[in-house]
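Have a look at target_13.cif below; it lists mmCIF, C-alpha atoms and all ligand atoms.
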```cif
data_target
#
loop_
_atom_site.label_atom_id
_atom_site.label_comp_id
_atom_site.auth_asym_id
_atom_site.auth_seq_id
_atom_site.Cartn_x
_atom_site.Cartn_y
_atom_site.Cartn_z
CA MET A 1373 0.00 0.00 0.00
CA ASP A 1374 1.40 3.36 -0.94
CA ARG A 1375 1.06 6.25 1.51
CA ASP A 1376 0.81 9.83 0.49
CA ILE A 1377 2.33 12.67 2.41
CA VAL A 1378 1.14 16.23 2.66
CA THR A 1379 3.80 17.64 0.42
CA ILE A 1380 3.36 19.55 -2.75
CA HIS A 1381 5.76 18.81 -5.51
CA PRO A 1382 5.71 22.01 -7.52
CA ASP A 1383 4.95 21.35 -11.13
CA PRO A 1384 7.03 23.86 -13.12
CA LEU A 1385 4.44 23.82 -15.88
CA ALA A 1386 1.46 24.28 -13.55
CA PRO A 1387 -0.33 27.56 -14.03
CA ALA A 1388 0.04 29.98 -11.13
CA ALA A 1389 -1.81 33.14 -10.13
CA SER A 1390 -0.02 36.42 -10.88
CA PRO A 1391 0.97 38.61 -7.88
CA ALA A 1392 -1.68 41.17 -8.87
CA ASP A 1393 -4.36 38.49 -9.05
CA MET A 1394 -3.26 37.11 -5.66
CA ASP A 1395 -3.58 40.59 -4.12
CA ARG A 1396 -7.09 40.99 -5.44
CA LEU A 1397 -8.05 37.46 -4.34
CA VAL A 1398 -6.79 38.17 -0.82
CA ASP A 1399 -8.79 41.42 -0.66
CA ILE A 1400 -12.04 39.78 -1.76
CA VAL A 1401 -11.71 36.78 0.56
CA ALA A 1402 -10.66 38.98 3.51
CA ALA A 1403 -13.81 41.06 3.05
CA SER A 1404 -16.11 38.02 2.98
CA ARG A 1405 -17.96 36.82 6.08
CA ARG A 1406 -20.12 34.07 4.59
CA MET A 1407 -17.92 32.25 2.11
CA VAL A 1408 -18.98 29.02 0.46
CA VAL A 1409 -16.32 26.93 -1.26
CA PHE A 1410 -17.30 24.62 -4.10
CA THR A 1411 -14.66 21.95 -4.76
CA GLY A 1412 -14.12 19.47 -7.56
CA ALA A 1413 -11.56 16.85 -8.49
CA GLY A 1414 -8.83 19.47 -8.97
CA ILE A 1415 -8.37 19.94 -5.23
CA SER A 1416 -7.81 16.23 -4.61
CA THR A 1417 -5.67 15.17 -7.57
CA GLU A 1418 -2.73 16.61 -5.66
CA SER A 1419 -3.50 14.07 -2.91
CA GLY A 1420 -3.26 11.26 -5.40
CA ILE A 1421 -7.01 10.86 -5.88
CA PRO A 1422 -7.67 10.21 -9.54
CA ASP A 1423 -10.03 12.48 -11.42
CA TYR A 1424 -13.05 10.24 -11.75
CA ARG A 1425 -14.26 11.80 -14.94
CA GLY A 1426 -11.06 12.75 -16.71
CA PRO A 1427 -9.63 10.74 -19.62
CA ASN A 1428 -7.52 8.73 -17.17
CA GLY A 1429 -10.26 8.65 -14.60
CA VAL A 1430 -11.44 5.62 -12.71
CA TRP A 1431 -14.64 5.68 -14.72
CA ALA A 1432 -12.71 5.36 -17.95
CA ARG A 1433 -10.30 2.69 -16.70
CA ASN A 1434 -12.67 0.59 -14.59
CA ALA A 1435 -16.24 0.78 -15.67
CA ILE A 1436 -18.16 0.91 -12.42
CA PRO A 1437 -21.19 -1.34 -12.74
CA SER A 1438 -24.65 0.13 -12.85
CA ILE A 1439 -27.03 -0.47 -9.96
CA GLU A 1440 -29.07 -2.87 -12.07
CA THR A 1441 -25.94 -4.90 -12.82
CA LEU A 1442 -25.02 -4.93 -9.14
CA ARG A 1443 -28.48 -6.19 -8.26
CA THR A 1444 -28.64 -8.97 -10.81
CA ASP A 1445 -25.21 -10.00 -12.11
CA GLU A 1446 -23.42 -12.22 -9.63
CA GLU A 1447 -20.10 -12.10 -11.48
CA ALA A 1448 -20.18 -8.31 -11.68
CA GLN A 1449 -20.93 -8.19 -7.95
CA LYS A 1450 -17.93 -10.33 -7.11
CA GLU A 1451 -15.73 -8.28 -9.39
CA HIS A 1452 -16.98 -5.08 -7.77
CA TRP A 1453 -16.24 -6.30 -4.23
CA LYS A 1454 -12.84 -7.60 -5.25
CA PHE A 1455 -12.02 -4.17 -6.72
CA ARG A 1456 -13.17 -2.46 -3.53
CA ARG A 1457 -11.25 -4.85 -1.27
CA GLU A 1458 -8.07 -4.12 -3.23
CA HIS A 1459 -8.49 -0.36 -3.67
CA TYR A 1460 -10.26 0.92 -0.56
CA PRO A 1461 -7.13 0.79 1.64
CA GLN A 1462 -5.39 3.17 -0.78
CA MET A 1463 -8.34 5.55 -0.63
CA LEU A 1464 -8.37 5.38 3.16
CA ALA A 1465 -4.63 6.14 3.32
CA ARG A 1466 -4.87 9.35 1.30
CA GLU A 1467 -4.09 12.49 3.22
CA PRO A 1468 -5.43 16.00 2.73
CA ASN A 1469 -3.08 18.37 0.92
CA LEU A 1470 -2.36 22.02 1.72
CA GLY A 1471 -5.46 23.09 -0.21
CA HIS A 1472 -7.74 21.04 2.05
CA VAL A 1473 -5.83 22.25 5.11
CA ALA A 1474 -6.31 25.88 4.05
CA LEU A 1475 -10.08 25.38 3.78
CA ALA A 1476 -10.18 23.72 7.20
CA ARG A 1477 -8.41 26.76 8.64
CA PHE A 1478 -11.00 29.09 7.10
CA ASP A 1479 -13.67 26.93 8.75
CA SER A 1480 -11.97 27.07 12.18
CA ALA A 1481 -11.66 30.83 11.83
CA GLY A 1482 -15.41 31.15 11.32
CA ARG A 1483 -15.05 32.35 7.74
CA LEU A 1484 -16.77 29.46 6.04
CA LEU A 1485 -20.49 28.84 5.73
CA ALA A 1486 -20.01 25.47 4.04
CA VAL A 1487 -18.00 23.42 1.60
CA ILE A 1488 -19.95 21.93 -1.29
CA THR A 1489 -17.95 19.16 -2.91
CA GLN A 1490 -18.22 16.95 -5.95
CA ASN A 1491 -15.57 14.69 -4.42
CA ILE A 1492 -16.32 11.41 -2.68
CA ASP A 1493 -12.97 11.07 -0.91
CA GLY A 1494 -13.81 12.55 2.53
CA LEU A 1495 -10.62 14.63 2.55
CA HIS A 1496 -12.31 17.86 3.68
CA GLN A 1497 -13.50 16.14 6.87
CA LYS A 1498 -10.10 14.50 7.31
CA ALA A 1499 -8.47 17.94 7.06
CA GLY A 1500 -10.68 19.17 9.91
CA ASN A 1501 -13.71 20.79 8.31
CA ARG A 1502 -16.84 20.30 10.42
CA PRO A 1503 -18.57 17.26 8.91
CA ASP A 1504 -22.01 18.89 9.08
CA ARG A 1505 -20.68 21.75 6.95
CA VAL A 1506 -19.36 19.52 4.18
CA ILE A 1507 -22.06 18.90 1.59
CA GLU A 1508 -21.21 15.87 -0.54
CA LEU A 1509 -23.12 16.17 -3.80
CA HIS A 1510 -21.86 12.84 -5.13
CA GLY A 1511 -21.95 10.94 -1.84
CA SER A 1512 -18.98 9.32 -0.13
CA THR A 1513 -16.89 6.27 -0.78
CA HIS A 1514 -16.49 5.87 2.98
CA ARG A 1515 -20.11 4.84 3.43
CA LEU A 1516 -22.14 2.00 1.98
CA ARG A 1517 -25.85 1.44 2.12
CA CYS A 1518 -28.33 -1.34 1.68
CA MET A 1519 -30.17 -1.21 -1.63
CA ASN A 1520 -33.32 -2.56 0.04
CA CYS A 1521 -33.70 -0.90 3.43
CA GLY A 1522 -31.20 1.97 3.21
CA THR A 1523 -29.21 1.04 6.35
CA GLU A 1524 -25.77 2.68 6.13
CA TYR A 1525 -22.44 1.05 6.92
CA ASP A 1526 -19.00 2.47 7.53
CA GLY A 1527 -16.45 1.70 4.82
CA GLN A 1528 -13.97 0.23 7.29
CA GLU A 1529 -16.54 -2.17 8.71
CA ILE A 1530 -17.31 -3.56 5.26
CA GLN A 1531 -13.61 -3.64 4.43
CA ALA A 1532 -13.03 -5.84 7.49
CA ARG A 1533 -15.74 -8.22 6.29
CA LEU A 1534 -14.23 -8.34 2.78
CA GLU A 1535 -10.78 -9.01 4.16
CA ALA A 1536 -12.23 -11.75 6.36
CA GLY A 1537 -13.34 -13.49 3.18
CA ALA A 1538 -16.84 -12.21 2.42
CA GLU A 1539 -17.34 -12.22 -1.36
CA ASP A 1540 -20.65 -10.40 -1.31
CA PRO A 1541 -21.19 -8.66 2.04
CA ARG A 1542 -24.88 -8.19 2.74
CA CYS A 1543 -27.04 -5.98 4.93
CA THR A 1544 -27.09 -7.39 8.46
CA VAL A 1545 -30.62 -6.05 8.96
CA CYS A 1546 -32.46 -7.41 5.92
CA GLY A 1547 -29.92 -9.38 3.88
CA GLY A 1548 -30.17 -6.95 0.97
CA PRO A 1549 -27.27 -6.14 -1.37
CA LEU A 1550 -24.98 -3.27 -0.40
CA ARG A 1551 -23.62 -0.51 -2.56
CA SER A 1552 -21.25 2.37 -2.14
CA ALA A 1553 -23.07 5.56 -1.05
CA THR A 1554 -21.78 7.39 -4.10
CA VAL A 1555 -23.72 8.70 -7.04
CA LEU A 1556 -23.24 6.54 -10.10
CA PHE A 1557 -23.61 7.75 -13.65
CA GLY A 1558 -27.20 8.39 -14.57
CA GLU A 1559 -28.38 8.60 -10.97
CA PRO A 1560 -29.95 11.71 -9.48
CA LEU A 1561 -28.01 13.62 -6.82
CA PRO A 1562 -29.00 13.05 -3.18
CA GLN A 1563 -31.94 15.40 -2.62
CA GLN A 1564 -31.01 16.44 0.92
CA ALA A 1565 -27.48 17.42 -0.10
CA LEU A 1566 -28.74 19.29 -3.13
CA LYS A 1567 -31.29 21.19 -1.05
CA LEU A 1568 -28.66 22.21 1.48
CA ALA A 1569 -26.22 23.18 -1.28
CA LEU A 1570 -28.86 25.39 -2.85
CA ALA A 1571 -29.63 27.05 0.49
CA VAL A 1572 -25.99 27.93 1.25
CA SER A 1573 -25.43 29.06 -2.34
CA GLN A 1574 -28.26 31.55 -1.91
CA ALA A 1575 -27.01 32.69 1.51
CA CYS A 1576 -23.29 33.20 0.85
CA ASP A 1577 -21.60 36.52 0.13
CA LEU A 1578 -18.75 34.85 -1.79
CA MET A 1579 -18.56 31.59 -3.68
CA LEU A 1580 -15.07 30.30 -4.27
CA VAL A 1581 -14.90 27.52 -6.84
CA VAL A 1582 -11.78 25.38 -6.59
CA GLY A 1583 -10.69 22.68 -9.02
CA SER A 1584 -13.96 22.13 -10.84
CA SER A 1585 -14.52 22.57 -14.56
CA LEU A 1586 -18.20 23.25 -13.75
CA VAL A 1587 -19.50 21.04 -16.52
CA VAL A 1588 -21.53 18.53 -14.49
CA ASN A 1589 -25.08 19.70 -13.92
CA PRO A 1590 -27.05 20.40 -11.83
CA ALA A 1591 -24.17 20.97 -9.42
CA ALA A 1592 -22.46 23.38 -11.77
CA ARG A 1593 -25.47 25.69 -11.65
CA LEU A 1594 -24.88 26.50 -7.97
CA PRO A 1595 -22.17 29.12 -8.55
CA ALA A 1596 -24.44 30.87 -11.05
CA ILE A 1597 -27.25 30.89 -8.47
CA ALA A 1598 -24.91 32.41 -5.86
CA LYS A 1599 -23.95 35.11 -8.32
CA GLU A 1600 -27.58 35.87 -9.17
CA LYS A 1601 -28.29 36.31 -5.47
CA GLY A 1602 -25.59 38.97 -5.20
CA ALA A 1603 -22.57 36.95 -4.03
CA ARG A 1604 -19.19 37.44 -5.59
CA LEU A 1605 -17.86 34.53 -7.60
CA ILE A 1606 -14.22 33.48 -7.89
CA ILE A 1607 -13.10 30.46 -9.89
CA ILE A 1608 -9.70 28.84 -9.37
CA ASN A 1609 -9.18 26.07 -11.89
CA ARG A 1610 -6.36 24.90 -14.14
CA THR A 1611 -8.52 25.21 -17.24
CA PRO A 1612 -11.26 27.60 -18.36
CA THR A 1613 -14.85 26.97 -17.26
CA PRO A 1614 -18.21 27.95 -18.79
CA LEU A 1615 -18.86 30.29 -15.84
CA ASP A 1616 -15.64 32.33 -16.21
CA VAL A 1617 -17.63 34.98 -18.08
CA ILE A 1618 -19.85 35.77 -15.08
CA ALA A 1619 -17.12 35.41 -12.44
CA ASP A 1620 -15.66 38.41 -10.62
CA MET A 1621 -12.29 36.68 -10.97
CA HIS A 1622 -11.13 33.52 -12.64
CA LEU A 1623 -7.64 32.29 -11.99
CA GLN A 1624 -6.11 29.55 -14.07
CA ALA A 1625 -4.01 28.21 -11.25
CA GLU A 1626 -3.20 25.10 -9.25
CA ALA A 1627 -5.49 24.70 -6.24
CA SER A 1628 -3.26 23.97 -3.26
CA PRO A 1629 -0.45 26.52 -3.64
CA THR A 1630 -3.03 29.22 -4.34
CA LEU A 1631 -5.18 28.31 -1.30
CA ASP A 1632 -2.11 27.94 0.90
CA GLU A 1633 -0.90 31.44 0.10
CA LEU A 1634 -4.44 32.78 0.38
CA VAL A 1635 -5.09 31.42 3.88
CA ARG A 1636 -1.74 32.60 5.17
CA ARG A 1637 -2.28 36.12 3.89
CA VAL A 1638 -5.94 36.41 4.97
CA LEU A 1639 -5.68 34.84 8.43
CA ASP A 1640 -2.08 35.32 9.53
CA GLU A 1641 -1.73 38.92 8.36
CA ASP A 1642 -5.15 39.61 9.83
CA GLY A 1643 -4.06 38.42 13.27
CA GLY A 1644 -6.38 35.46 12.80
CA LEU A 1645 -6.09 31.94 14.14
CA VAL A 1646 -2.88 30.05 13.60
ZN ZN A 1701 -31.05 -3.82 4.44
#
```
Do you think you could lay out the structure here as structure tokens?
Ligand code: ZN
Amino acid sequence: MDRDIVTIHPDPLAPAASPADMDRLVDIVAASRRMVVFTGAGISTESGIPDYRGPNGVWARNAIPSIETLRTDEEAQKEHWKFRREHYPQMLAREPNLGHVALARFDSAGRLLAVITQNIDGLHQKAGNRPDRVIELHGSTHRLRCMNCGTEYDGQEIQARLEAGAEDPRCTVCGGPLRSATVLFGEPLPQQALKLALAVSQACDLMLVVGSSLVVNPAARLPAIAKEKGARLIIINRTPTPLDVIADMHLQAEASPTLDELVRRVLDEDGGLV
């Protein structure tokens, strides 16, 4: 099992924010009192989490079975559990990077209304963000649930059963098949998470988008809603996004070095929490 460490290896070709852009970013974030951060794969790739939807993404390399297949195809089920048994320990070993740590510091300092994330890796909570303020639009790989009765299970509990030899771990309440509590292709987003995400998007005074190309709807509409309600909108992403045209700022920059500098300048120079 490989272990990641919280170190950034600077990529000389990675885009970086200009000093003038950094100054403006610092000013806007320092003035905000109800910031919402919207994160996508770009904040976690630096922690070794693959981009699920990119050309080298897990989706492309290992077709994740549909729910119907999981319900009915015994071979596909076994394959799925084998894949999880082999790969979950790597996922569990991942550590937050400086970008996650920066957002956790904003939360501790009372600057953050919520984090809305498209990621399923749980790294915001691991970095120290309050779990009830992390809205997971695509669910979490660290939870599983019964397809029949909805009972939820912790990822480590199921992992222990897989490693003890279970080929198809079942719900201990009703015997139903289990699935990862993540949103698979073609499935609707969890309604409760979406409702909460909409509420905080309407209530924030600044939405900071980090590492999302904003192409997956309906999640990608949230920054536009925040903007319509009068919030400022900043987008930090390595590549252009469809919402750059309505953003107050869009920085084509790497997530973690930008957030690391940002949190230091906003909190430390402000006499904020260390
Ligand atoms: Zn059940």
| Test item: residues no farther than 6 Å from ligand ZN 1701 (chain A), counting all atoms listed in the file, as a list of chain:residue names |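 After applying the 6 Å limit, what remains is A:Cys1518, A:Asn1520, A:Cys1521, A:Gly1522, A:Thr1523, A:Cys1543, A:Val1545, A:Cys1546, A:Gly1547, A:Gly1548.
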| said: Env of range 1619-1627 of chain A: 9 Å cut, atoms = all atoms listed in the file, seq-sep filter 4 positions within chain, self excluded. Answer as a PyMOL selection string. | reply: chain A and resi 1386-1390+1393+1396-1397+1414-1416+1418+1470-1471+1582-1583+1595-1596+1599+1604-1613+1615+1631-1632
| task | Write out as a ChimeraX atom specification the residues lying within 12 Å of Arg1502 in chain A, counting all atoms listed in the file and excluding same-chain residues fewer than 4 positions away. | result | /A:1475-1482,1484-1487,1494-1498,1506-1507
Could those residues be written to a file, using C-alpha atoms, as an mmCIF file, in the coordinates of the input?
```cif
data_model
loop_
_atom_site.group_PDB
_atom_site.id
_atom_site.type_symbol
_atom_site.label_atom_id
_atom_site.label_comp_id
_atom_site.auth_asym_id
_atom_site.auth_seq_id
_atom_site.Cartn_x
_atom_site.Cartn_y
_atom_site.Cartn_z
ATOM 1 C CA LEU A 1475 -10.080 25.380 3.780
ATOM 2 C CA ALA A 1476 -10.180 23.720 7.200
ATOM 3 C CA ARG A 1477 -8.410 26.760 8.640
ATOM 4 C CA PHE A 1478 -11.000 29.090 7.100
ATOM 5 C CA ASP A 1479 -13.670 26.930 8.750
ATOM 6 C CA SER A 1480 -11.970 27.070 12.180
ATOM 7 C CA ALA A 1481 -11.660 30.830 11.830
ATOM 8 C CA GLY A 1482 -15.410 31.150 11.320
ATOM 9 C CA LEU A 1484 -16.770 29.460 6.040
ATOM 10 C CA LEU A 1485 -20.490 28.840 5.730
ATOM 11 C CA ALA A 1486 -20.010 25.470 4.040
ATOM 12 C CA VAL A 1487 -18.000 23.420 1.600
ATOM 13 C CA GLY A 1494 -13.810 12.550 2.530
ATOM 14 C CA LEU A 1495 -10.620 14.630 2.550
ATOM 15 C CA HIS A 1496 -12.310 17.860 3.680
ATOM 16 C CA GLN A 1497 -13.500 16.140 6.870
ATOM 17 C CA LYS A 1498 -10.100 14.500 7.310
ATOM 18 C CA VAL A 1506 -19.360 19.520 4.180
ATOM 19 C CA ILE A 1507 -22.060 18.900 1.590
#
```
Excluding Leu1464 in chain A and residues on its chain fewer than 5 positions from it, collect all residues at most 10 Å away from it, counting only C-alpha atoms, and give them as a PDB file with C-alpha atoms, in the frame of the given file.
```
ATOM      1  CA  ARG A1375       1.060   6.250   1.510  1.00  0.00           C
ATOM      2  CA  HIS A1459      -8.490  -0.360  -3.670  1.00  0.00           C
ATOM      3  CA  ASP A1493     -12.970  11.070  -0.910  1.00  0.00           C
ATOM      4  CA  GLY A1494     -13.810  12.550   2.530  1.00  0.00           C
ATOM      5  CA  LEU A1495     -10.620  14.630   2.550  1.00  0.00           C
ATOM      6  CA  THR A1513     -16.890   6.270  -0.780  1.00  0.00           C
ATOM      7  CA  HIS A1514     -16.490   5.870   2.980  1.00  0.00           C
ATOM      8  CA  GLY A1527     -16.450   1.700   4.820  1.00  0.00           C
ATOM      9  CA  GLN A1528     -13.970   0.230   7.290  1.00  0.00           C
TER      10      GLN A1528
END
```
| request: With a distance cut-off of 6 Å and only C-alpha atoms, select the neighbouring residues of range 1571-1573 of chain A, excluding the residue or stretch itself and same-chain residues fewer than 3 positions from it, and output the selection as an MDAnalysis selection string. | output: chainID A and resid 1568 1576 1598
| said: I'd like the neighbourhood of Asp1395 in chain A as a list in words, where a residue qualifies if any of its atoms comes within 12 Å (using all atoms listed in the file), though same-chain residues fewer than 6 positions away should be ignored. | reply: Ala1389, Val1401, Ala1402, Met1621, Thr1630, Glu1633, Leu1634, Arg1637 and Val1638 of chain A
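Rounded to one decimal, CA of Pro1461 in chain A and CA of Met1519 in chain A lie 23.4 Å from each other.
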| query | Of the residues A:Phe1410, A:Tyr1460, A:Tyr1525, A:Phe1557, which is the one nearest to Ile1439 in chain A, using all atoms listed in the file? | reply |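 When distances to Ile1439 in chain A are compared using all atoms listed in the file, the smallest one comes from A:Phe1557.
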| From the set A:Lys1601, A:Arg1405, A:Arg1443, A:Arg1483, which residue has the shortest atom-to-atom contact distance to Arg1542 in chain A, counting only C-alpha atoms? |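 Checking each of A:Lys1601, A:Arg1405, A:Arg1443, A:Arg1483 against Arg1542 in chain A, counting only C-alpha atoms, the winner is A:Arg1443.
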| query | Distance CA of Ala1465 in chain A-CA of Ala1499 in chain A, one decimal place? | reply | 13.0 Å
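Computed from the coordinates, the CA of Pro1629 in chain A to CA of Met1394 in chain A distance equals 11.1 Å.
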| request: Rank A:Lys1567, A:His1510, A:His1452, A:Arg1593 by their smallest atom-to-atom distance to Leu1550 in chain A, using only C-alpha atoms, and report the top residue only. | output: A:His1452
| request: Check the smallest atom-to-atom distance from each of A:Pro1614, A:Pro1560, A:Gly1511, A:Pro1391 to Ser1584 in chain A using all atoms listed in the file, then report the winner. | output: A:Pro1614
| query | Which is closer to Thr1554 in chain A than all the others in A:Leu1442, A:Met1407, A:Leu1509, A:Ala1592, using only C-alpha atoms? | reply |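 Using only C-alpha atoms, the shortest distance to Thr1554 in chain A belongs to A:Leu1509.
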| field | Which of A:Asp1504, A:Glu1458, A:Asp1616, A:Asp1526 sits closest to Val1587 in chain A [using only C-alpha atoms] | value | A:Asp1616
Draw an axis-aligned box over all listed atoms of range 1448-1459 of chain A, pad each side with 3 Å, and write its centre and edge lengths in Å, one decimal, as lines of an AutoDock Vina configuration file.
```
center_x = -14.5
center_y = -5.3
center_z = -6.5
size_x = 18.9
size_y = 16.0
size_z = 16.4
```
